[in-house]
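Source file: data.txt. Holds: compact mmCIF, C-alpha atoms.
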# COMPACT_ATOMS: atom_id res chain seq x y z
CA MET A 26 99.10 106.03 168.46
CA ASN A 27 97.57 103.92 165.73
CA PRO A 28 94.70 101.94 167.34
CA ARG A 29 95.92 98.71 165.71
CA VAL A 30 99.39 99.11 167.20
CA LEU A 31 97.81 99.93 170.56
CA LEU A 32 95.67 96.80 170.34
CA LEU A 33 98.70 94.68 169.46
CA CYS A 34 100.71 96.15 172.35
CA SER A 35 97.83 95.56 174.76
CA THR A 36 97.46 91.97 173.59
CA LEU A 37 101.18 91.33 174.05
CA LEU A 38 101.12 92.87 177.51
CA LEU A 39 98.09 90.93 178.65
CA THR A 40 98.95 87.56 177.17
CA ALA A 41 100.92 85.38 179.53
CA CYS A 42 102.96 82.53 178.11
CA ALA A 43 102.79 78.87 179.06
CA PRO A 44 105.95 76.87 179.72
CA THR A 45 107.16 74.78 176.80
CA ILE A 46 109.43 72.54 178.87
CA GLY A 47 108.12 69.54 180.77
CA ASN A 48 106.40 66.40 179.54
CA LYS A 49 105.22 66.46 175.95
CA GLN A 50 101.84 65.09 177.07
CA ASP A 51 99.95 64.82 180.34
CA VAL A 52 101.15 61.62 182.06
CA ARG A 53 97.80 61.13 183.78
CA THR A 54 95.78 61.03 180.58
CA THR A 55 98.26 59.37 178.23
CA SER A 56 97.67 55.66 177.73
CA PHE A 57 100.09 52.95 176.70
CA PHE A 58 99.70 49.22 176.13
CA VAL A 59 101.13 47.13 178.96
CA GLY A 60 103.15 44.27 177.49
CA GLU A 61 103.51 46.03 174.12
CA THR A 62 104.71 49.63 174.42
CA THR A 63 108.49 49.98 174.42
CA LYS A 64 110.78 52.39 176.30
CA GLN A 65 111.51 54.24 173.07
CA GLU A 66 107.80 54.70 172.37
CA VAL A 67 107.21 56.12 175.85
CA ALA A 68 110.17 58.49 175.36
CA ASP A 69 108.80 59.55 171.97
CA VAL A 70 105.35 60.34 173.39
CA LEU A 71 106.22 61.87 176.78
CA GLY A 72 109.84 62.97 176.36
CA LEU A 73 112.68 61.92 178.64
CA PRO A 74 111.81 61.00 182.24
CA ALA A 75 112.94 62.92 185.31
CA ASP A 76 114.62 59.86 186.72
CA ILE A 77 115.69 56.41 185.57
CA SER A 78 116.49 53.75 188.13
CA LYS A 79 117.21 50.05 187.79
CA SER A 80 116.78 46.92 189.83
CA GLU A 81 119.45 44.52 188.61
CA ALA A 82 118.05 41.73 190.82
CA LEU A 83 114.55 42.00 189.34
CA GLY A 84 115.72 42.99 185.88
CA LEU A 85 113.42 45.99 185.91
CA GLU A 86 113.82 49.64 184.97
CA TYR A 87 111.72 52.44 186.43
CA TRP A 88 111.04 55.70 184.62
CA ALA A 89 109.63 58.45 186.81
CA TYR A 90 107.88 61.50 185.37
CA ARG A 91 107.00 64.72 187.15
CA GLU A 92 103.68 66.38 186.45
CA LYS A 93 105.30 69.53 185.07
CA ALA A 94 108.50 71.56 185.01
CA LYS A 95 109.52 72.93 188.40
CA LEU A 96 109.25 76.55 189.38
CA THR A 97 112.75 77.58 190.49
CA GLY A 98 112.18 81.30 190.93
CA ILE A 99 110.41 84.42 189.77
CA MET A 100 111.61 87.80 188.57
CA VAL A 101 109.52 90.83 189.50
CA PRO A 102 109.94 94.38 188.18
CA VAL A 103 110.38 96.84 191.04
CA VAL A 104 109.97 100.58 190.50
CA THR A 105 113.03 102.30 191.95
CA GLY A 106 112.37 105.87 190.86
CA PRO A 107 110.19 108.13 188.72
CA ALA A 108 111.70 106.76 185.52
CA SER A 109 113.61 103.68 186.61
CA ALA A 110 112.90 100.10 187.49
CA GLN A 111 114.90 96.96 188.20
CA MET A 112 114.18 93.23 188.15
CA ASP A 113 114.33 91.48 191.51
CA SER A 114 114.84 87.71 191.58
CA ILE A 115 113.24 85.46 194.15
CA SER A 116 114.39 81.83 194.30
CA THR A 117 112.07 79.03 195.39
CA GLY A 118 115.14 77.12 196.59
CA ASP A 119 114.17 74.26 194.29
CA THR A 120 116.98 73.21 191.97
CA GLY A 121 114.76 71.03 189.81
CA GLU A 122 116.47 67.85 191.06
CA TYR A 123 114.10 64.87 191.07
CA GLN A 124 112.73 63.56 194.36
CA PHE A 125 110.38 60.59 194.73
CA LYS A 126 107.61 62.81 196.09
CA ASP A 127 107.60 64.59 192.71
CA ALA A 128 106.68 61.45 190.76
CA ALA A 129 103.35 61.81 188.98
CA ALA A 130 103.77 58.54 187.09
CA ILE A 131 106.24 55.66 187.17
CA TYR A 132 106.58 53.37 184.17
CA VAL A 133 108.09 49.94 184.77
CA PHE A 134 109.93 48.12 181.98
CA ASP A 135 111.26 44.59 181.85
CA LYS A 136 114.51 43.35 180.31
CA SER A 137 112.97 43.24 176.83
CA GLU A 138 112.31 47.00 177.25
CA LYS A 139 108.52 46.43 177.23
CA LEU A 140 106.21 48.31 179.56
CA ILE A 141 104.90 45.96 182.27
CA ASP A 142 103.28 48.35 184.76
CA VAL A 143 102.32 51.98 185.35
CA ARG A 144 101.95 53.51 188.81
CA TYR A 145 100.61 56.89 189.87
CA PRO A 146 102.10 57.42 193.36
CA ASN A 147 100.51 60.75 194.19
CA MET B 10 120.24 95.06 179.22
CA ASN B 11 118.06 92.18 180.34
CA ILE B 12 119.02 89.64 182.99
CA ARG B 13 119.70 86.87 180.47
CA THR B 14 122.08 88.98 178.41
CA LEU B 15 123.85 90.08 181.57
CA PHE B 16 124.14 86.47 182.74
CA LEU B 17 125.52 85.30 179.37
CA LEU B 18 128.00 88.16 179.38
CA LEU B 19 129.17 87.33 182.90
CA VAL B 20 129.59 83.65 182.04
CA SER B 21 131.57 84.59 178.90
CA VAL B 22 133.88 86.81 180.92
CA LEU B 23 134.38 84.04 183.47
CA VAL B 24 135.10 81.49 180.77
CA VAL B 25 137.58 83.74 179.02
CA GLY B 26 139.18 84.43 182.38
CA CYS B 27 139.55 80.72 183.05
CA ALA B 28 140.98 80.03 179.59
CA GLY B 29 143.50 82.80 180.00
CA SER B 30 144.85 81.44 183.27
CA VAL B 31 145.27 77.83 182.12
CA LYS B 32 148.87 76.69 181.92
CA PRO B 33 149.67 74.59 178.83
CA MET B 34 151.57 71.30 179.10
CA SER B 35 155.34 71.45 179.31
CA SER B 36 157.30 70.98 176.07
CA GLU B 37 158.63 67.64 177.41
CA ALA B 38 155.10 66.40 178.04
CA VAL B 39 154.02 67.60 174.59
CA ASN B 40 156.94 65.70 173.03
CA GLU B 41 156.04 62.49 174.87
CA PHE B 42 152.43 63.15 173.97
CA ASN B 43 153.22 63.31 170.28
CA GLN B 44 155.50 60.28 170.29
CA GLY B 45 153.68 57.70 172.40
CA LYS B 46 150.22 56.31 172.93
CA VAL B 47 147.71 58.52 174.75
CA ALA B 48 144.48 57.26 176.32
CA VAL B 49 141.29 59.36 176.06
CA ALA B 50 138.26 59.12 178.33
CA TYR B 51 135.20 61.33 178.14
CA LEU B 52 132.84 60.86 181.07
CA TYR B 53 129.46 62.39 181.82
CA PRO B 54 128.31 60.79 185.09
CA SER B 55 125.01 62.68 185.37
CA LYS B 56 123.49 61.58 182.02
CA LYS B 57 120.95 64.39 182.41
CA LEU B 58 119.67 67.44 180.56
CA ASN B 59 118.60 70.49 182.50
CA TYR B 60 115.99 72.40 180.52
CA THR B 61 115.46 75.95 181.74
CA GLU B 62 113.02 78.55 180.55
CA GLN B 63 111.82 82.00 181.50
CA VAL B 64 108.04 82.19 181.22
CA TYR B 65 106.44 85.61 180.78
CA LYS B 66 103.46 86.08 183.11
CA VAL B 67 102.60 89.76 182.42
CA LEU B 68 103.43 91.05 185.94
CA TRP B 69 106.36 88.75 186.62
CA ILE B 70 108.64 86.23 184.89
CA GLU B 71 108.81 82.65 186.07
CA ASN B 72 112.00 80.62 185.96
CA ARG B 73 111.17 77.01 185.21
CA ALA B 74 113.48 74.00 185.14
CA ASN B 75 113.03 70.40 184.08
CA LEU B 76 115.84 67.97 184.75
CA VAL B 77 115.53 64.82 182.65
CA SER B 78 117.61 61.69 182.35
CA PHE B 79 118.90 59.77 179.32
CA ASP B 80 120.71 57.17 181.39
CA GLY B 81 120.74 53.89 179.46
CA LEU B 82 119.36 55.53 176.29
CA TRP B 83 122.66 56.90 175.02
CA ASP B 84 126.16 55.64 175.76
CA ILE B 85 127.50 59.17 175.64
CA ASP B 86 130.79 58.23 177.33
CA THR B 87 131.72 55.85 174.50
CA ASP B 88 130.42 58.02 171.64
CA ILE B 89 132.06 61.24 172.77
CA SER B 90 135.30 59.46 173.79
CA ASN B 91 135.43 58.28 170.16
CA GLU B 92 134.76 61.83 168.98
CA TYR B 93 137.64 63.20 171.08
CA GLN B 94 139.89 60.37 169.94
CA GLN B 95 139.26 61.31 166.29
CA GLN B 96 139.90 64.98 167.01
CA PHE B 97 143.21 64.28 168.79
CA LYS B 98 144.21 61.88 165.99
CA ARG B 99 143.73 64.72 163.49
CA LEU B 100 146.31 66.65 165.52
CA GLY B 101 148.76 63.77 165.08
CA VAL B 102 148.31 62.35 168.59
CA ASN B 103 148.22 58.54 168.79
CA ALA B 104 145.01 58.64 170.81
CA VAL B 105 143.29 55.45 171.96
CA VAL B 106 139.95 55.30 173.77
CA ALA B 107 140.69 54.33 177.41
CA LYS B 108 137.74 51.91 177.51
CA GLU B 109 139.47 49.78 174.86
CA LEU B 110 142.59 49.48 177.01
CA LEU B 111 140.84 48.67 180.28
CA SER B 112 138.87 45.71 181.59
CA ALA B 113 135.18 46.30 182.32
CA THR B 114 135.91 46.45 186.06
CA GLU B 115 138.77 48.93 185.63
CA TYR B 116 136.68 51.17 183.37
CA GLU B 117 133.76 51.07 185.80
CA HIS B 118 136.18 52.07 188.55
CA LEU B 119 137.34 55.07 186.51
CA GLN B 120 133.69 56.10 185.91
CA LYS B 121 132.93 55.84 189.64
CA ASP B 122 136.02 57.87 190.58
CA ILE B 123 135.01 60.69 188.24
CA ALA B 124 131.40 60.66 189.44
CA LEU B 125 132.64 60.91 193.04
CA TYR B 126 135.09 63.67 192.13
CA GLN B 127 132.33 65.70 190.44
CA LEU B 128 130.11 65.27 193.49
CA LYS B 129 132.86 66.36 195.91
CA ALA B 130 133.81 69.28 193.67
CA SER B 131 130.21 70.54 193.43
CA GLU B 132 129.79 70.23 197.21
CA ALA B 133 133.02 72.17 197.75
CA ILE B 134 131.96 74.91 195.31
CA ALA B 135 128.53 75.17 196.96
CA ALA B 136 130.22 75.56 200.36
CA SER B 137 132.78 78.08 198.94
CA LYS B 138 135.61 75.67 199.78
CA THR B 139 138.64 74.62 197.76
CA VAL B 140 137.90 71.86 195.25
CA PRO B 141 139.68 68.68 196.42
CA PRO B 142 142.41 67.28 194.14
CA LEU B 143 141.49 64.53 191.69
CA GLN B 144 142.49 61.12 193.03
CA LEU B 145 142.73 58.36 190.45
CA SER B 146 142.96 54.73 191.57
CA THR B 147 146.09 52.81 190.70
CA ASP B 148 144.36 49.79 189.10
CA TYR B 149 143.28 51.48 185.84
CA ARG B 150 146.17 53.93 185.91
CA ASP B 151 148.65 51.04 186.07
CA ALA B 152 146.72 49.15 183.39
CA LEU B 153 146.99 52.13 181.02
CA ALA B 154 150.70 52.63 181.77
CA ALA B 155 151.36 48.90 181.26
CA GLN B 156 149.82 49.16 177.79
CA GLY B 157 152.05 52.04 176.81
CA ALA B 158 149.65 54.93 177.45
CA LYS B 159 151.85 57.33 179.40
CA TYR B 160 149.09 59.92 179.53
CA LEU B 161 145.35 59.89 180.03
CA ILE B 162 143.26 62.78 178.69
CA LEU B 163 140.30 62.93 181.01
CA ILE B 164 137.31 65.03 179.97
CA SER B 165 134.62 65.14 182.64
CA GLN B 166 131.48 66.86 181.48
CA GLY B 167 129.43 69.19 183.66
CA MET B 168 125.64 69.42 183.46
CA PHE B 169 124.14 69.98 180.02
CA ASN B 170 121.95 73.07 180.34
CA VAL B 171 119.36 73.56 177.62
CA GLN B 172 118.07 77.13 177.70
CA VAL B 173 114.80 77.48 175.86
CA LEU B 174 113.87 80.72 174.09
CA ASP B 175 110.33 80.01 172.99
CA LEU B 176 109.81 83.46 171.48
CA ILE B 177 112.33 82.70 168.74
CA SER B 178 111.99 78.88 168.84
CA LYS B 179 115.60 78.32 169.79
CA VAL B 180 117.46 76.23 172.35
CA THR B 181 120.97 76.96 173.55
CA LEU B 182 123.04 74.05 174.80
CA ILE B 183 125.58 75.25 177.35
CA SER B 184 127.98 73.07 179.29
CA GLY B 185 131.50 73.22 180.61
CA SER B 186 133.86 70.30 180.99
CA ASP B 187 136.94 69.79 183.08
CA VAL B 188 139.88 68.64 180.96
CA LYS B 189 142.85 67.05 182.69
CA VAL B 190 145.91 65.23 181.39
CA VAL B 191 147.11 62.66 183.89
CA ASP B 192 150.56 61.06 183.86
CA THR B 193 149.59 57.41 184.28
CA ARG B 194 153.00 56.53 185.75
CA ASP B 195 152.64 58.60 188.90
CA GLY B 196 149.11 60.06 188.78
CA SER B 197 150.35 63.64 188.54
CA ILE B 198 148.26 66.20 186.66
CA THR B 199 150.19 67.46 183.63
CA PHE B 200 147.43 69.72 182.36
CA ASP B 201 144.37 71.17 184.05
CA GLY B 202 142.02 73.14 181.83
CA ASP B 203 138.46 73.37 180.65
CA ALA B 204 136.35 73.31 177.51
CA MET B 205 132.95 74.71 176.66
CA ILE B 206 130.06 73.56 174.55
CA TRP B 207 127.86 76.49 173.62
CA LEU B 208 125.61 76.30 170.61
CA ASN B 209 122.19 77.25 169.36
CA GLN B 210 119.64 75.09 167.67
CA ASP B 211 116.31 76.07 166.12
CA TYR B 212 113.22 73.97 166.69
CA GLN B 213 109.88 73.78 164.89
CA GLU B 214 107.24 72.93 167.49
CA SER B 215 108.84 71.97 170.77
CA PRO B 216 112.28 72.20 172.42
CA GLN B 217 112.06 68.45 173.08
CA GLU B 218 112.70 67.90 169.38
CA ILE B 219 116.35 67.51 170.39
CA GLU B 220 115.30 64.22 172.07
CA ALA B 221 113.45 62.83 169.04
CA ASN B 222 114.62 59.74 167.13
CA ASN B 223 116.69 58.39 170.00
CA LEU B 224 118.25 61.79 170.84
CA GLN B 225 119.50 62.26 167.29
CA LEU B 226 119.69 66.06 167.40
CA LEU B 227 121.19 66.17 170.88
CA LYS B 228 123.88 63.69 169.83
CA SER B 229 124.80 65.77 166.80
CA MET B 230 124.81 68.97 168.89
CA VAL B 231 127.26 67.53 171.42
CA ALA B 232 129.49 66.18 168.64
CA ARG B 233 129.34 69.61 166.94
CA GLY B 234 130.29 71.26 170.24
CA VAL B 235 133.34 69.02 170.60
CA ASN B 236 134.27 69.62 166.98
CA THR B 237 134.13 73.39 167.55
CA GLN B 238 136.61 73.15 170.45
CA PHE B 239 139.14 71.83 167.90
CA GLU B 240 138.06 73.77 164.81
CA GLN B 241 138.47 77.04 166.69
CA ASN B 242 141.75 75.75 168.13
CA VAL B 243 140.60 76.46 171.69
CA LEU B 244 141.42 73.18 173.43
CA PRO B 245 144.54 72.20 171.43
CA LYS B 246 146.03 75.67 171.99
CA GLN B 247 145.14 75.62 175.68
CA MET B 248 146.89 72.26 176.02
CA GLY B 249 149.97 73.48 174.21
CA LEU B 250 149.54 71.08 171.30
CA THR B 251 149.19 73.89 168.73
CA GLN B 252 150.15 77.54 168.50

Just dump the structure as structure tokens.
Amino acid sequence: MNPRVLLLCSTLLLTACAPTIGNKQDVRTTSFFVGETTKQEVADVLGLPADISKSEALGLEYWAYREKAKLTGIMVPVVTGPASAQMDSISTGDTGEYQFKDAAAIYVFDKSEKLIDVRYPN
Amino acid sequence: MNIRTLFLLLVSVLVVGCAGSVKPMSSEAVNEFNQGKVAVAYLYPSKKLNYTEQVYKVLWIENRANLVSFDGLWDIDTDISNEYQQQFKRLGVNAVVAKELLSATEYEHLQKDIALYQLKASEAIAASKTVPPLQLSTDYRDALAAQGAKYLILISQGMFNVQVLDLISKVTLISGSDVKVVDTRDGSITFDGDAMIWLNQDYQESPQEIEANNLQLLKSMVARGVNTQFEQNVLPKQMGLTQ
């Protein structure tokens, strides 16, 4: 085989990919201006939150972000014979549904849609 | 054949199977449909996007998911109800958006009923039980009937799944919706079918581009998906409105 093709194949085989889904930036290192940044600006920088909840009484809205996309399962190749293999799936049992314990950052907005607080629960 | 291709094939077969077994509306209902006022309501209680991706890790493949919310950022129920109204109008149906015929309280009640129905249906499916029948409250049903809307077209959207294929910089939006036509006079179901949204979209840098500029691309994708249901004559034919 051509050494260049072999090198390319080896590179492809050895290079793992990183997930592209999840927050657009790290929530722990991204800064916003309290009292100035709007909901839309936060959405533009980080992407959509995992959960949005509201307190009608306080007039506040809470946007919760996870640290990263959830692992829901893995697929492993299993050799089944001298020239055959199959992919086995293993589920983590996680559906990706948001739970409070997953929150890496919570952004609090007031009625004017301005950021008034940021919390890092975990 | 890889797992994804097999999965897509299986889903296609299931969808075709469902479409084939749907019974169109009776000719009497179609006649009434074409002569009187018909209310349309599109409802998506979840207001979420479920991104999924398979990540290559040399010795294994990871399945990743990220469920995100656009609740309060896009009034999808109103926008897509309008889209369906326009599509039905093009077919000659005197379609009116249900929200315009109902009070705020009545409309909220309808939204809550559909959210509860979706929850019960998903629980029943997860437990391999029969999906309970749709129960619509009399307040908004009576209000629609009183305003001359003998039928309500109810489209309740299932979860929007956004499958990411990073290798070719493409996302696929897949979602099914439950389409029912309810006789507002007695609450009976005149039509019980389904509709699919299934379309691809290229991206430049990141799959989250569909969220940019206040969800501009996502909005156009959903509208395009609805449009396709009519352009390809899938839903109208299923309902018995066209041949």

Check every residue of chain A for an atom within 9 Å of chain B, counting only C-alpha atoms, and provide those that qualify as a ChimeraX atom specification. /A:37-49,65,68-69,72-78,90-91,93-102,112,116,120-123

Just the residues within 7 Å of stretch 89-92 of chain B, please, counting all atoms listed in the file, with nothing from its chain fewer than 5 positions along; format it as a ChimeraX atom specification. /B:49-51,106,232

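Near stretch 152-163 of chain B, within a cut-off of 6 Å and counting all atoms listed in the file, sit the residues B:Lys46, B:Val47, B:Ala48, B:Val49, B:Ala50, B:Tyr149, B:Arg150, B:Val188, B:Lys189, B:Val190, B:Val191, B:Asp192, B:Thr193, with same-chain residues fewer than 2 positions away left out.
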
Go ahead and save the picked residues with C-alpha atoms, as a PDB file, in the coordinates of the input.
ATOM      1  CA  LYS B  46     150.220  56.310 172.930  1.00  0.00           C
ATOM      2  CA  VAL B  47     147.710  58.520 174.750  1.00  0.00           C
ATOM      3  CA  ALA B  48     144.480  57.260 176.320  1.00  0.00           C
ATOM      4  CA  VAL B  49     141.290  59.360 176.060  1.00  0.00           C
ATOM      5  CA  ALA B  50     138.260  59.120 178.330  1.00  0.00           C
ATOM      6  CA  TYR B 149     143.280  51.480 185.840  1.00  0.00           C
ATOM      7  CA  ARG B 150     146.170  53.930 185.910  1.00  0.00           C
ATOM      8  CA  VAL B 188     139.880  68.640 180.960  1.00  0.00           C
ATOM      9  CA  LYS B 189     142.850  67.050 182.690  1.00  0.00           C
ATOM     10  CA  VAL B 190     145.910  65.230 181.390  1.00  0.00           C
ATOM     11  CA  VAL B 191     147.110  62.660 183.890  1.00  0.00           C
ATOM     12  CA  ASP B 192     150.560  61.060 183.860  1.00  0.00           C
ATOM     13  CA  THR B 193     149.590  57.410 184.280  1.00  0.00           C
TER      14      THR B 193
END

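Checking B:Gln44, B:Gln210, B:Thr199, B:Ser30 one by one against B:Gly101, counting all atoms listed in the file, you find the shortest gap at B:Gln44.
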
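Atom CA of B:Gln94 is found 22.3 Å from atom CA of B:Asp148.
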
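Between atom CA of B:Arg194 and atom CA of B:Val235 the separation is 27.8 Å.
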
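For the atom pair formed by atom CA of B:Val39 and atom CA of B:Thr147, the distance is 23.3 Å, given to one decimal.
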
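Minimum atom-to-atom distances from A:Glu81, A:Asp51, A:Glu61, A:Glu92 to A:Ala129 were compared using all atoms listed in the file, and the lowest value belongs to A:Glu92.
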